[in-house]
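Participant: work04.txt is reproduced in full below (compact mmCIF, C-alpha atoms).
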```
# COMPACT_ATOMS: atom_id res chain seq x y z
CA MET A 374 26.36 -71.72 24.24
CA LEU A 375 28.52 -74.73 23.48
CA SER A 376 26.85 -76.89 26.09
CA THR A 377 23.66 -77.01 24.05
CA LEU A 378 25.39 -78.21 20.88
CA MET A 379 25.10 -81.84 19.96
CA LYS A 380 28.39 -83.70 19.78
CA VAL A 381 28.82 -85.48 16.51
CA ASP A 382 31.75 -87.84 16.14
CA ALA A 383 30.93 -90.35 13.40
CA PHE A 384 30.36 -88.91 9.93
CA PRO A 385 28.98 -89.43 7.47
CA THR A 386 25.85 -90.97 8.94
CA LEU A 387 24.31 -93.74 6.87
CA VAL A 388 20.55 -94.16 6.88
CA GLN A 389 19.02 -97.26 5.38
CA PRO A 390 15.40 -98.28 4.86
CA ARG A 391 13.84 -99.77 7.99
CA ASP A 392 12.26 -103.19 8.36
CA GLU A 393 8.59 -102.36 7.80
CA ARG A 394 7.47 -104.90 10.42
CA THR A 395 9.19 -102.84 13.11
CA GLN A 396 7.25 -99.67 12.21
CA PRO A 397 3.53 -98.94 12.59
CA ALA A 398 1.01 -99.38 9.79
CA ARG A 399 -0.09 -95.97 8.52
CA ILE A 400 -3.78 -96.88 8.31
CA VAL A 401 -5.02 -98.36 11.59
CA ALA A 402 -8.35 -100.19 11.91
CA GLY A 403 -10.56 -98.46 14.49
CA TYR A 404 -8.55 -95.18 14.34
CA PRO A 405 -10.82 -93.17 12.02
CA GLN A 406 -8.44 -90.24 11.42
CA THR A 407 -5.77 -92.41 9.82
CA PRO A 408 -7.38 -92.93 6.36
CA LEU A 409 -8.22 -89.22 6.19
CA ARG A 410 -4.66 -88.09 6.80
CA ASN A 411 -2.30 -90.61 5.30
CA PRO A 412 -1.16 -90.58 1.68
CA ALA A 413 -3.02 -92.90 -0.70
CA GLN A 414 -0.39 -92.56 -3.46
CA PRO A 415 2.78 -94.63 -3.20
CA LEU A 416 5.54 -92.87 -1.29
CA VAL A 417 8.40 -91.71 -3.48
CA ARG A 418 11.76 -93.46 -3.03
CA ARG A 419 14.76 -91.14 -2.99
CA SER A 420 18.44 -91.65 -2.33
CA PRO A 421 19.44 -89.52 0.64
CA THR A 422 21.69 -86.57 -0.22
CA LEU A 423 23.60 -84.18 2.05
CA SER A 424 20.31 -82.38 2.65
CA GLU A 425 18.67 -85.35 4.40
CA LEU A 426 21.93 -86.55 5.98
CA THR A 427 22.46 -83.30 7.82
CA GLY A 428 20.02 -81.82 10.32
CA PRO A 429 19.59 -79.34 13.13
CA LEU A 430 22.08 -79.97 15.96
CA ASP A 431 21.44 -76.89 18.04
CA VAL A 432 17.67 -76.79 18.32
CA ALA A 433 18.16 -75.83 21.99
CA ARG A 434 19.20 -72.35 20.80
CA ARG A 435 15.76 -71.87 19.27
CA VAL A 436 13.50 -73.44 21.90
CA LYS A 437 13.18 -73.17 25.66
CA LEU A 438 14.25 -76.12 27.81
CA LEU A 439 11.91 -77.19 30.63
CA GLY A 440 13.19 -79.08 33.67
CA GLY A 441 13.59 -82.77 34.35
CA ASP A 442 11.39 -82.87 37.45
CA ILE A 443 7.74 -82.34 36.67
CA ALA A 444 6.28 -84.11 39.72
CA GLY A 445 6.71 -81.03 41.92
CA HIS A 446 7.84 -80.54 45.53
CA GLY A 447 6.53 -79.58 48.97
CA GLU A 448 3.07 -78.04 48.80
CA ARG A 449 3.05 -78.31 45.01
CA GLN A 450 3.37 -82.04 44.49
CA ALA A 451 1.47 -83.78 41.72
CA ILE A 452 -0.88 -86.58 42.75
CA GLY A 453 -0.04 -90.08 41.58
CA GLN A 454 2.56 -92.82 41.67
CA LEU A 455 5.97 -91.14 41.58
CA ILE A 456 8.20 -92.60 38.90
CA HIS A 457 11.75 -91.92 37.78
CA LEU A 458 12.44 -92.51 34.08
CA LYS A 459 15.93 -93.29 32.82
CA VAL A 460 15.98 -93.20 29.05
CA ARG A 461 19.01 -93.87 26.85
CA VAL A 462 19.09 -92.49 23.32
CA MET A 463 21.42 -94.26 20.88
CA ASP A 464 21.95 -94.76 17.17
CA GLU A 465 21.79 -98.03 15.24
CA ASP A 466 25.40 -98.79 16.21
CA GLY A 467 24.35 -98.57 19.85
CA ALA A 468 26.48 -95.43 20.16
CA PRO A 469 25.05 -92.88 22.61
CA VAL A 470 23.46 -89.78 21.08
CA GLY A 471 24.49 -87.00 23.47
CA GLY A 472 23.21 -83.44 23.24
CA ALA A 473 19.92 -84.54 21.65
CA VAL A 474 16.87 -82.41 22.43
CA VAL A 475 13.99 -84.57 23.73
CA GLU A 476 10.44 -83.30 24.19
CA MET A 477 8.08 -85.37 26.36
CA TRP A 478 4.44 -84.98 27.28
CA GLN A 479 1.93 -87.13 29.11
CA ALA A 480 -1.43 -87.24 30.89
CA ASN A 481 -1.69 -86.81 34.65
CA ALA A 482 -2.37 -89.74 36.99
CA ALA A 483 -6.11 -89.49 36.22
CA GLY A 484 -5.56 -89.66 32.45
CA ARG A 485 -6.09 -85.94 31.78
CA TYR A 486 -3.90 -83.76 29.53
CA ILE A 487 -3.48 -80.05 30.02
CA HIS A 488 -4.57 -79.18 26.52
CA PRO A 489 -7.56 -77.38 24.95
CA ASN A 490 -8.35 -80.59 22.99
CA ASP A 491 -8.92 -82.63 26.14
CA ASP A 492 -12.44 -82.84 27.56
CA ASP A 493 -13.41 -82.92 31.23
CA HIS A 494 -13.68 -86.70 31.66
CA ALA A 495 -11.11 -86.60 34.47
CA PRO A 496 -9.81 -83.89 36.82
CA PRO A 497 -6.81 -81.71 36.01
CA ASP A 498 -4.09 -81.65 38.66
CA PRO A 499 -3.13 -78.04 39.47
CA ASN A 500 0.39 -79.23 40.26
CA PHE A 501 0.94 -81.16 37.06
CA TYR A 502 1.40 -79.76 33.56
CA GLY A 503 2.94 -82.92 32.11
CA ALA A 504 5.69 -81.74 29.76
CA ALA A 505 9.48 -81.52 29.85
CA ARG A 506 12.08 -80.60 27.24
CA LEU A 507 15.51 -81.97 28.00
CA VAL A 508 18.93 -82.56 26.45
CA THR A 509 20.65 -85.97 26.65
CA ASP A 510 24.02 -86.14 28.44
CA GLU A 511 27.27 -87.58 27.03
CA SER A 512 26.00 -91.11 27.59
CA GLY A 513 22.82 -90.36 25.62
CA THR A 514 20.78 -90.50 28.84
CA PHE A 515 18.08 -88.28 30.21
CA GLU A 516 16.31 -88.74 33.52
CA LEU A 517 12.91 -87.48 34.52
CA ARG A 518 10.95 -87.48 37.77
CA THR A 519 7.23 -87.54 37.06
CA VAL A 520 4.05 -89.42 37.97
CA LYS A 521 2.77 -92.46 36.15
CA PRO A 522 0.16 -91.37 33.58
CA GLY A 523 -3.38 -92.73 33.80
CA ALA A 524 -5.26 -94.49 31.01
CA TYR A 525 -7.13 -92.19 28.66
CA PRO A 526 -10.42 -92.64 26.71
CA VAL A 527 -10.22 -92.00 22.95
CA ARG A 528 -13.46 -90.33 21.83
CA LEU A 529 -15.32 -90.85 18.59
CA VAL A 530 -16.99 -87.57 17.77
CA THR A 531 -20.39 -88.96 16.85
CA HIS A 532 -22.45 -87.58 19.71
CA PRO A 533 -22.09 -83.92 20.70
CA VAL A 534 -22.94 -84.37 24.37
CA ARG A 535 -21.78 -87.82 25.25
CA PRO A 536 -19.24 -88.92 22.67
CA ALA A 537 -18.69 -92.67 22.63
CA THR A 538 -15.37 -94.01 23.76
CA ALA A 539 -13.65 -95.86 20.95
CA TRP A 540 -11.04 -97.43 23.19
CA TRP A 541 -8.84 -96.68 26.19
CA ARG A 542 -5.23 -95.73 25.59
CA PRO A 543 -2.92 -97.54 28.02
CA PRO A 544 -0.69 -95.37 30.20
CA HIS A 545 1.95 -93.90 27.87
CA VAL A 546 4.48 -91.10 27.53
CA HIS A 547 5.06 -89.22 24.25
CA PHE A 548 8.58 -88.42 23.03
CA SER A 549 9.81 -86.22 20.20
CA VAL A 550 13.57 -86.58 19.62
CA PHE A 551 16.01 -84.63 17.45
CA GLY A 552 18.81 -86.89 16.22
CA LYS A 553 22.04 -86.20 14.34
CA VAL A 554 20.44 -85.93 10.91
CA TRP A 555 17.06 -85.00 9.42
CA LEU A 556 16.16 -88.66 8.75
CA SER A 557 16.75 -89.61 12.39
CA ARG A 558 14.01 -87.29 13.72
CA LEU A 559 11.63 -89.44 15.79
CA VAL A 560 8.16 -89.14 17.31
CA THR A 561 7.26 -92.15 19.44
CA GLN A 562 5.39 -93.31 22.56
CA MET A 563 6.59 -95.33 25.53
CA TYR A 564 4.38 -97.79 27.41
CA PHE A 565 4.60 -99.49 30.81
CA ALA A 566 5.23 -103.19 31.40
CA GLY A 567 2.36 -105.25 32.79
CA GLU A 568 -0.51 -103.00 31.69
CA PRO A 569 -3.53 -105.03 30.49
CA LEU A 570 -4.56 -102.23 28.12
CA ASN A 571 -1.31 -102.64 26.15
CA ALA A 572 -2.69 -105.72 24.37
CA LEU A 573 -5.86 -103.83 23.35
CA ASP A 574 -4.35 -100.59 22.07
CA PRO A 575 -4.66 -100.14 18.26
CA ILE A 576 -1.80 -97.63 18.28
CA LEU A 577 0.77 -99.84 20.04
CA ASN A 578 -0.44 -102.87 18.09
CA ALA A 579 -0.10 -101.06 14.75
CA VAL A 580 3.54 -102.24 14.90
CA PRO A 581 3.37 -105.77 13.43
CA ASP A 582 6.50 -107.26 14.99
CA ALA A 583 6.05 -108.42 18.61
CA ALA A 584 9.69 -107.78 19.54
CA ALA A 585 9.48 -104.25 18.11
CA ARG A 586 6.35 -103.60 20.21
CA GLU A 587 8.16 -104.94 23.28
CA ARG A 588 10.93 -102.39 22.72
CA LEU A 589 8.33 -99.60 23.12
CA VAL A 590 7.62 -100.81 26.67
CA ALA A 591 9.63 -99.40 29.59
CA GLN A 592 10.84 -101.91 32.15
CA LEU A 593 10.46 -101.55 35.89
CA VAL A 594 13.85 -102.07 37.53
CA PRO A 595 14.27 -103.46 41.07
CA PRO A 596 13.88 -100.79 43.74
CA ALA A 597 17.24 -99.30 44.70
CA ALA A 598 18.49 -96.99 47.42
CA GLU A 599 18.29 -93.94 45.15
CA PRO A 600 15.86 -92.49 44.34
CA SER A 601 14.07 -93.78 47.41
CA ASP A 602 10.68 -92.19 46.71
CA ALA A 603 9.93 -93.29 43.15
CA LEU A 604 9.59 -96.45 41.06
CA VAL A 605 12.35 -96.55 38.47
CA TYR A 606 11.64 -97.40 34.84
CA GLU A 607 14.33 -97.82 32.17
CA HIS A 608 13.87 -97.39 28.47
CA GLN A 609 15.92 -97.25 25.25
CA ILE A 610 15.28 -95.14 22.18
CA VAL A 611 17.16 -96.04 18.99
CA LEU A 612 17.41 -93.30 16.37
CA ARG A 613 17.96 -94.08 12.70
CA GLY A 614 21.47 -93.85 11.34
CA ARG A 615 24.85 -95.42 11.85
CA GLY A 616 28.42 -94.29 11.34
CA ALA A 617 30.14 -95.11 8.06
CA THR A 618 32.67 -97.00 10.17
CA PRO A 619 30.99 -99.28 12.71
CA ALA A 620 31.48 -98.01 16.25
CA GLN A 621 34.27 -99.66 18.25
CA PRO A 622 34.78 -99.42 21.99
CA MET B 952 34.04 -105.70 21.38
CA LYS B 953 31.81 -104.48 18.58
CA ARG B 954 28.51 -102.94 19.60
CA ALA B 955 25.46 -104.94 18.55
CA ALA B 956 23.36 -103.41 15.79
CA LYS B 957 20.17 -101.86 17.14
CA ILE B 958 16.82 -101.64 15.40
CA PRO B 959 15.31 -98.14 15.16
CA THR B 960 12.48 -97.48 17.61
CA GLY B 961 8.96 -97.66 16.18
CA GLU B 962 7.41 -94.32 15.33
CA SER B 963 4.01 -93.27 16.62
CA THR B 964 1.48 -90.50 16.24
CA LEU B 965 1.98 -87.11 17.86
CA GLY B 966 -1.58 -87.49 19.18
CA PRO B 967 -3.98 -84.59 19.81
CA PHE B 968 -2.21 -83.21 22.90
CA PHE B 969 1.18 -81.90 21.73
CA PRO B 970 1.81 -79.07 24.23
CA PRO B 971 1.16 -75.63 22.70
CA ARG B 972 4.20 -74.31 24.60
CA TYR B 973 6.40 -76.48 22.37
CA VAL B 974 5.61 -74.18 19.49
CA ASP B 975 7.85 -71.47 20.92
CA ALA B 976 7.33 -67.83 19.95
CA GLY B 977 9.73 -67.08 17.10
CA ALA B 978 10.41 -70.74 16.27
CA ASN B 979 8.97 -70.10 12.79
CA ASP B 980 11.32 -67.16 12.10
CA LEU B 981 14.62 -68.47 10.76
CA THR B 982 15.85 -65.01 9.74
CA LEU B 983 16.83 -64.15 13.32
CA LEU B 984 18.98 -66.11 15.74
CA GLU B 985 19.28 -64.72 19.27
CA GLY B 986 18.50 -61.27 17.85
CA ARG B 987 21.07 -61.38 15.04
CA LYS B 988 20.07 -61.31 11.38
CA ALA B 989 20.92 -64.10 8.97
CA LYS B 990 22.53 -63.26 5.60
CA GLY B 991 20.52 -63.48 2.41
CA GLU B 992 17.12 -62.75 0.94
CA ALA B 993 14.35 -62.94 3.55
CA ILE B 994 11.28 -64.76 2.25
CA GLU B 995 7.95 -65.88 3.65
CA ILE B 996 6.59 -69.37 3.07
CA SER B 997 3.04 -70.21 4.00
CA GLY B 998 0.36 -72.68 3.07
CA ARG B 999 -2.64 -74.67 4.19
CA VAL B 1000 -2.67 -78.27 5.27
CA LEU B 1001 -5.81 -80.23 4.36
CA GLN B 1002 -6.98 -83.78 4.98
CA ALA B 1003 -8.85 -86.07 2.54
CA ASP B 1004 -12.24 -84.33 2.75
CA GLY B 1005 -10.68 -80.86 2.35
CA THR B 1006 -10.97 -79.98 6.05
CA PRO B 1007 -8.11 -77.73 7.21
CA LEU B 1008 -6.15 -79.19 10.12
CA GLU B 1009 -5.46 -77.12 13.22
CA ASN B 1010 -2.40 -77.41 15.50
CA LEU B 1011 -0.61 -79.61 13.01
CA VAL B 1012 3.16 -79.33 13.45
CA VAL B 1013 5.35 -78.42 10.48
CA GLU B 1014 9.15 -78.40 10.73
CA ILE B 1015 11.67 -77.31 8.11
CA TRP B 1016 15.40 -77.85 7.57
CA GLN B 1017 17.44 -76.06 4.91
CA ALA B 1018 20.82 -74.73 3.82
CA ASP B 1019 21.79 -71.09 4.36
CA ALA B 1020 21.94 -68.38 1.66
CA ALA B 1021 25.26 -69.79 0.41
CA GLY B 1022 23.91 -73.35 0.23
CA ILE B 1023 25.77 -74.53 3.35
CA TYR B 1024 24.33 -76.79 6.04
CA ARG B 1025 25.17 -76.01 9.62
CA HIS B 1026 26.31 -79.58 10.25
CA PRO B 1027 29.66 -81.43 10.34
CA ALA B 1028 28.69 -83.66 7.39
CA ASP B 1029 28.87 -80.56 5.18
CA PRO B 1030 32.51 -80.03 4.16
CA ARG B 1031 31.83 -76.28 4.01
CA GLN B 1032 30.35 -76.13 7.52
CA GLY B 1033 33.13 -73.77 8.65
CA GLN B 1034 31.75 -71.10 6.33
CA ALA B 1035 28.11 -71.53 7.43
CA ASP B 1036 26.27 -68.34 8.43
CA PRO B 1037 26.67 -68.19 12.24
CA ASN B 1038 23.27 -66.48 12.50
CA PHE B 1039 21.29 -69.09 10.61
CA LEU B 1040 20.14 -72.25 12.37
CA GLY B 1041 18.40 -73.81 9.34
CA TRP B 1042 15.56 -75.28 11.45
CA GLY B 1043 12.12 -73.94 12.32
CA ARG B 1044 8.73 -75.07 13.59
CA SER B 1045 5.24 -73.72 12.93
CA ALA B 1046 1.80 -74.96 14.01
CA THR B 1047 -1.24 -74.50 11.79
CA ASP B 1048 -4.03 -72.12 12.83
CA ALA B 1049 -7.79 -72.81 12.75
CA ASP B 1050 -7.73 -72.31 8.97
CA GLY B 1051 -4.96 -74.90 8.54
CA GLN B 1052 -2.32 -72.24 7.78
CA TYR B 1053 1.32 -72.51 8.71
CA ARG B 1054 3.85 -69.73 8.17
CA PHE B 1055 7.64 -69.39 8.14
CA LYS B 1056 9.97 -66.45 7.69
CA THR B 1057 13.27 -67.70 6.37
CA ILE B 1058 16.18 -67.06 4.01
CA ARG B 1059 16.04 -68.18 0.41
CA PRO B 1060 18.43 -71.17 0.44
CA GLY B 1061 21.38 -71.27 -1.94
CA ALA B 1062 22.01 -74.27 -4.17
CA VAL B 1063 23.81 -77.17 -2.55
CA GLN B 1064 26.22 -79.04 -4.83
CA GLY B 1065 24.19 -81.37 -7.05
CA ARG B 1066 20.85 -80.10 -5.77
CA ALA B 1067 18.46 -77.33 -6.76
CA PRO B 1068 17.54 -74.85 -3.98
CA HIS B 1069 14.97 -76.55 -1.74
CA ILE B 1070 13.55 -76.77 1.79
CA ASN B 1071 12.85 -80.04 3.62
CA PHE B 1072 9.46 -80.32 5.33
CA MET B 1073 8.16 -82.64 8.06
CA ILE B 1074 4.53 -83.03 9.07
CA MET B 1075 3.55 -84.42 12.48
CA TYR B 1076 -0.02 -84.81 13.67
CA SER B 1077 -2.71 -86.87 15.35
CA GLY B 1078 -3.64 -89.71 13.00
CA LEU B 1079 -0.20 -89.74 11.38
CA MET B 1080 1.46 -92.91 12.65
CA ARG B 1081 4.72 -91.78 11.03
CA ILE B 1082 6.26 -88.42 10.23
CA LEU B 1083 5.45 -87.37 6.66
CA LYS B 1084 8.42 -85.93 4.78
CA THR B 1085 8.32 -83.78 1.68
CA THR B 1086 10.45 -81.11 -0.02
CA LEU B 1087 9.66 -77.65 -1.36
CA PHE B 1088 11.29 -76.45 -4.59
CA PHE B 1089 11.28 -72.95 -6.02
CA GLU B 1090 11.29 -74.04 -9.65
CA ASP B 1091 10.87 -77.24 -11.66
CA VAL B 1092 14.57 -77.57 -12.45
CA PRO B 1093 16.83 -80.66 -12.59
CA ASP B 1094 17.28 -82.15 -9.11
CA PRO B 1095 17.79 -85.80 -8.11
CA VAL B 1096 15.03 -85.72 -5.48
CA LEU B 1097 12.52 -83.88 -7.68
CA SER B 1098 13.28 -86.25 -10.59
CA ALA B 1099 12.33 -89.22 -8.39
CA VAL B 1100 8.74 -87.85 -8.32
CA PRO B 1101 6.37 -89.04 -11.11
CA PRO B 1102 6.34 -86.30 -13.80
CA GLY B 1103 2.65 -85.45 -13.38
CA ARG B 1104 3.06 -84.80 -9.64
CA LYS B 1105 6.27 -82.74 -9.68
CA VAL B 1106 4.32 -79.48 -9.93
CA LEU B 1107 2.87 -80.17 -6.46
CA LEU B 1108 6.34 -79.71 -4.93
CA VAL B 1109 7.00 -76.35 -6.59
CA ALA B 1110 6.03 -73.40 -4.39
CA ARG B 1111 3.86 -70.72 -5.99
CA LYS B 1112 5.24 -67.19 -5.96
CA GLN B 1113 2.59 -64.88 -4.57
CA GLY B 1114 4.42 -61.61 -4.10
CA GLN B 1115 7.85 -60.06 -4.06
CA ASN B 1116 9.31 -62.37 -1.38
CA SER B 1117 6.40 -64.62 -0.61
CA PHE B 1118 5.75 -68.22 -1.58
CA ARG B 1119 2.76 -70.48 -1.09
CA PHE B 1120 3.17 -74.22 -0.51
CA ASP B 1121 -0.09 -76.02 0.27
CA ILE B 1122 0.05 -79.55 1.62
CA ARG B 1123 -2.68 -82.03 0.83
CA LEU B 1124 -2.17 -85.10 3.02
CA THR B 1125 -4.29 -87.37 0.81
CA GLY B 1126 -6.94 -87.14 -1.90
CA GLU B 1127 -7.01 -84.89 -4.96
CA ASN B 1128 -3.64 -83.22 -5.65
CA GLU B 1129 -2.06 -85.23 -2.87
CA THR B 1130 1.37 -83.84 -2.02
CA PRO B 1131 4.16 -86.28 -2.93
CA PHE B 1132 5.74 -87.65 0.26
CA PHE B 1133 9.02 -89.52 0.45
CA ASP B 1134 9.57 -93.07 1.57
CA ASP B 1135 12.24 -92.39 4.19
```
How would this structure read if it were set down as structure tokens?
Facilitator:
Amino acid sequence: MLSTLMKVDAFPTLVQPRDERTQPARIVAGYPQTPLRNPAQPLVRRSPTLSELTGPLDVARRVKLLGGDIAGHGERQAIGQLIHLKVRVMDEDGAPVGGAVVEMWQANAAGRYIHPNDDDHAPPDPNFYGAARLVTDESGTFELRTVKPGAYPVRLVTHPVRPATAWWRPPHVHFSVFGKVWLSRLVTQMYFAGEPLNALDPILNAVPDAAARERLVAQLVPPAAEPSDALVYEHQIVLRGRGATPAQP
Amino acid sequence: MKRAAKIPTGESTLGPFFPPRYVDAGANDLTLLEGRKAKGEAIEISGRVLQADGTPLENLVVEIWQADAAGIYRHPADPRQGQADPNFLGWGRSATDADGQYRFKTIRPGAVQGRAPHINFMIMYSGLMRILKTTLFFEDVPDPVLSAVPPGRKVLLVARKQGQNSFRFDIRLTGENETPFFDD
């Protein structure tokens, strides 16, 4: 199935160390799992070889794609503010990454995930599962019709019956993206502009650089004729790596 | 007009709600692609993933990437891509069970020029603000990536043979015998 193969035009891909201020701290104050799960020893520096500068391009042959409209239709519509996400995936040259598999998942409008780990603090929506697995088009774009996720309480498991809430996660959408090479694999979260909880979230604020945090926030664009029934948010995802020859128009 | 350089997006944790349906049935079996068998020696790789206090971690996501039996990557950056096994994707995903165990069926990778046979691992989980990357080796033999690891910790990247075609590769995220992870 050629249509599921990622197009790769600039090789080799170069991957350089990132500016640490643009990436989250590994140990986050107030997030008790982080010191239990993150390495205490220094990470080992290696020079990337062919092994790290190649990667799976046809993941879509191994996994099942799930549609780009998860808000439902007719009698089966999810409850909540309808939104339309337009996300562009590019590399560090700004060149579109087409054919990339993107996995997204999110809470429903009440802040509830369909997952055995979630408790019953908020109602499930029978018409909302909250996950889509898509492939970017030639321009590196994917679009998704969904509902805006609700805020979600993070529990501290200190009380078996009524666990204390450590903090409230702001509305956010999770993304897992397969890039052109192994080192461009990305797991990230997208936030919404204007949410007061953004400033209080230890996870978003684990990224030290303010401009880098701002780039994790989707922007509401002025209402347009199409789609007429949903608020439109735009977002950019930049994967690691650039062509050996800088991209030209 | 030259495109402006972009800064890579900040990583974040997978969180506790990664959809179980994203761990597709068969995604941890690299020996079969759309029903066709890959060339080479089929092997099993399994192990437990533990956090600092020794607790096994459930539903942690492990992904692997490797060369085929002839040491070829299915990717245009590999000059030998044209000869890659058409029935070997090189990628797989497994989620740990309640005992912290992951499991892959795969093909023993051939040596890539300048490298010893190896398999790249990625760990994604709640509480991990960034993907952790490590590499499995079959033997402690000369390899530029393995030599970058402090001598006393190299042994932690060498899988233990536990049967005819079975290897064990435990991953300790932090604490005693912490698995070496790479800064990339």
Participant: Tell me as a PyMOL selection string which residues belonging to chain B come within 6 Å of chain A, counting all atoms listed in the file.
Facilitator: chain B and resi 953+956-957+959-963+968+1002-1003+1026+1028+1042+1078+1080+1096+1124-1125+1132-1134
Participant: Would you mind exporting C-alpha atoms of the selected residues as a PDB file, in the coordinates of the input?
Facilitator:
```pdb
ATOM      1  CA  LYS B 953      31.810-104.480  18.580  1.00  0.00           C
ATOM      2  CA  ALA B 956      23.360-103.410  15.790  1.00  0.00           C
ATOM      3  CA  LYS B 957      20.170-101.860  17.140  1.00  0.00           C
ATOM      4  CA  PRO B 959      15.310 -98.140  15.160  1.00  0.00           C
ATOM      5  CA  THR B 960      12.480 -97.480  17.610  1.00  0.00           C
ATOM      6  CA  GLY B 961       8.960 -97.660  16.180  1.00  0.00           C
ATOM      7  CA  GLU B 962       7.410 -94.320  15.330  1.00  0.00           C
ATOM      8  CA  SER B 963       4.010 -93.270  16.620  1.00  0.00           C
ATOM      9  CA  PHE B 968      -2.210 -83.210  22.900  1.00  0.00           C
ATOM     10  CA  GLN B1002      -6.980 -83.780   4.980  1.00  0.00           C
ATOM     11  CA  ALA B1003      -8.850 -86.070   2.540  1.00  0.00           C
ATOM     12  CA  HIS B1026      26.310 -79.580  10.250  1.00  0.00           C
ATOM     13  CA  ALA B1028      28.690 -83.660   7.390  1.00  0.00           C
ATOM     14  CA  TRP B1042      15.560 -75.280  11.450  1.00  0.00           C
ATOM     15  CA  GLY B1078      -3.640 -89.710  13.000  1.00  0.00           C
ATOM     16  CA  MET B1080       1.460 -92.910  12.650  1.00  0.00           C
ATOM     17  CA  VAL B1096      15.030 -85.720  -5.480  1.00  0.00           C
ATOM     18  CA  LEU B1124      -2.170 -85.100   3.020  1.00  0.00           C
ATOM     19  CA  THR B1125      -4.290 -87.370   0.810  1.00  0.00           C
ATOM     20  CA  PHE B1132       5.740 -87.650   0.260  1.00  0.00           C
ATOM     21  CA  PHE B1133       9.020 -89.520   0.450  1.00  0.00           C
ATOM     22  CA  ASP B1134       9.570 -93.070   1.570  1.00  0.00           C
TER      23      ASP B1134
END
```
Participant: Ranking B:Met1073, B:Ala976, B:Gly1022, B:Phe1120 by minimum distance to B:Asp1135 and counting only C-alpha atoms, which one comes first?
Facilitator: B:Met1073
Participant: Using atom CA of A:Asp602 and atom CA of A:Arg449 as the two end points, give the distance in Å to one decimal.
Facilitator: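 Value for the atom CA of A:Asp602-atom CA of A:Arg449 distance: 15.9 Å.
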Participant: May I ask which of the residues A:Ala402, A:Leu593, A:Leu455, A:Val550 is the closest one to A:Tyr564, counting all atoms listed in the file?
Facilitator: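 Among the listed residues, the smallest separation from A:Tyr564 belongs to A:Leu593.
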Participant: Using only C-alpha atoms, find the one residue out of B:Ser1098, B:Ser1117, B:Gln1052, B:Thr982 that sits nearest to B:Val1013.
Facilitator: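 Smallest separation from B:Val1013 among the options: B:Gln1052.
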Participant: To one decimal place, how far is atom CA of B:Val1012 from atom CA of B:Ile1082 in Å?
Facilitator: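 Atom CA of B:Ile1082 lies at a distance of 10.1 Å from atom CA of B:Val1012.
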Participant: So what do you get for atom CA of B:Ile1023 versus atom CA of B:Pro1101, distance-wise?
Facilitator: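 We find that atom CA of B:Ile1023 and atom CA of B:Pro1101 lie 28.2 Å from each other.
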Participant: Set the distance at 8 Å and use all atoms listed in the file: which residues neighbour A:Leu570 once local chain neighbours fewer than 3 positions away are removed? I'd like the list as a PyMOL selection string.
Facilitator: chain A and resi 541-543+573-574
Participant: Skip B:Tyr1024 itself and residues of its chain fewer than 6 positions away, then list as a list in words all residues within 10 Å of it, counting only C-alpha atoms.
Facilitator: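 In the requested form, the answer reads Leu423, Ser424, Thr427, Gly428 and Pro429 of chain A; Trp1016, Gln1017, Ala1018, Pro1030, Arg1031, Gln1032, Gly1033, Gln1034, Ala1035, Asp1036, Phe1039, Leu1040, Gly1041, Pro1060 and Val1063 of chain B.
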Participant: If we count all atoms listed in the file and set the cut-off at 9 Å, which residues sit around B:Gly977, ignoring sequence neighbours fewer than 2 positions away in its own chain? Please answer as JSON, numbers by chain.
Facilitator: {"A": [435, 436], "B": [974, 975, 979, 980, 981, 983, 1043, 1044]}
Participant: Taking (9.5, -84.8, 34.2) in the file's own coordinates, collect the residues within 6 Å, counting only C-alpha atoms, and hand them back as a ChimeraX atom specification.
Facilitator: /A:441-443,505,517-519
Participant: For B:Phe1088, work out the shell of residues within 6 Å, counting all atoms listed in the file and skipping chain neighbours fewer than 4 positions away, then give it as an MDAnalysis selection string.
Facilitator: chainID B and resid 1069 1108:1109
Participant: Starting from 6 Å padding per side, set up an axis-aligned box that covers all listed atoms of stretch 1063-1070 of chain B and hand over centre and edge lengths in Å, one decimal, as JSON.
Facilitator:
```
{"center_x": 19.9, "center_y": -78.1, "center_z": -2.6, "size_x": 24.7, "size_y": 18.5, "size_z": 20.8}
```
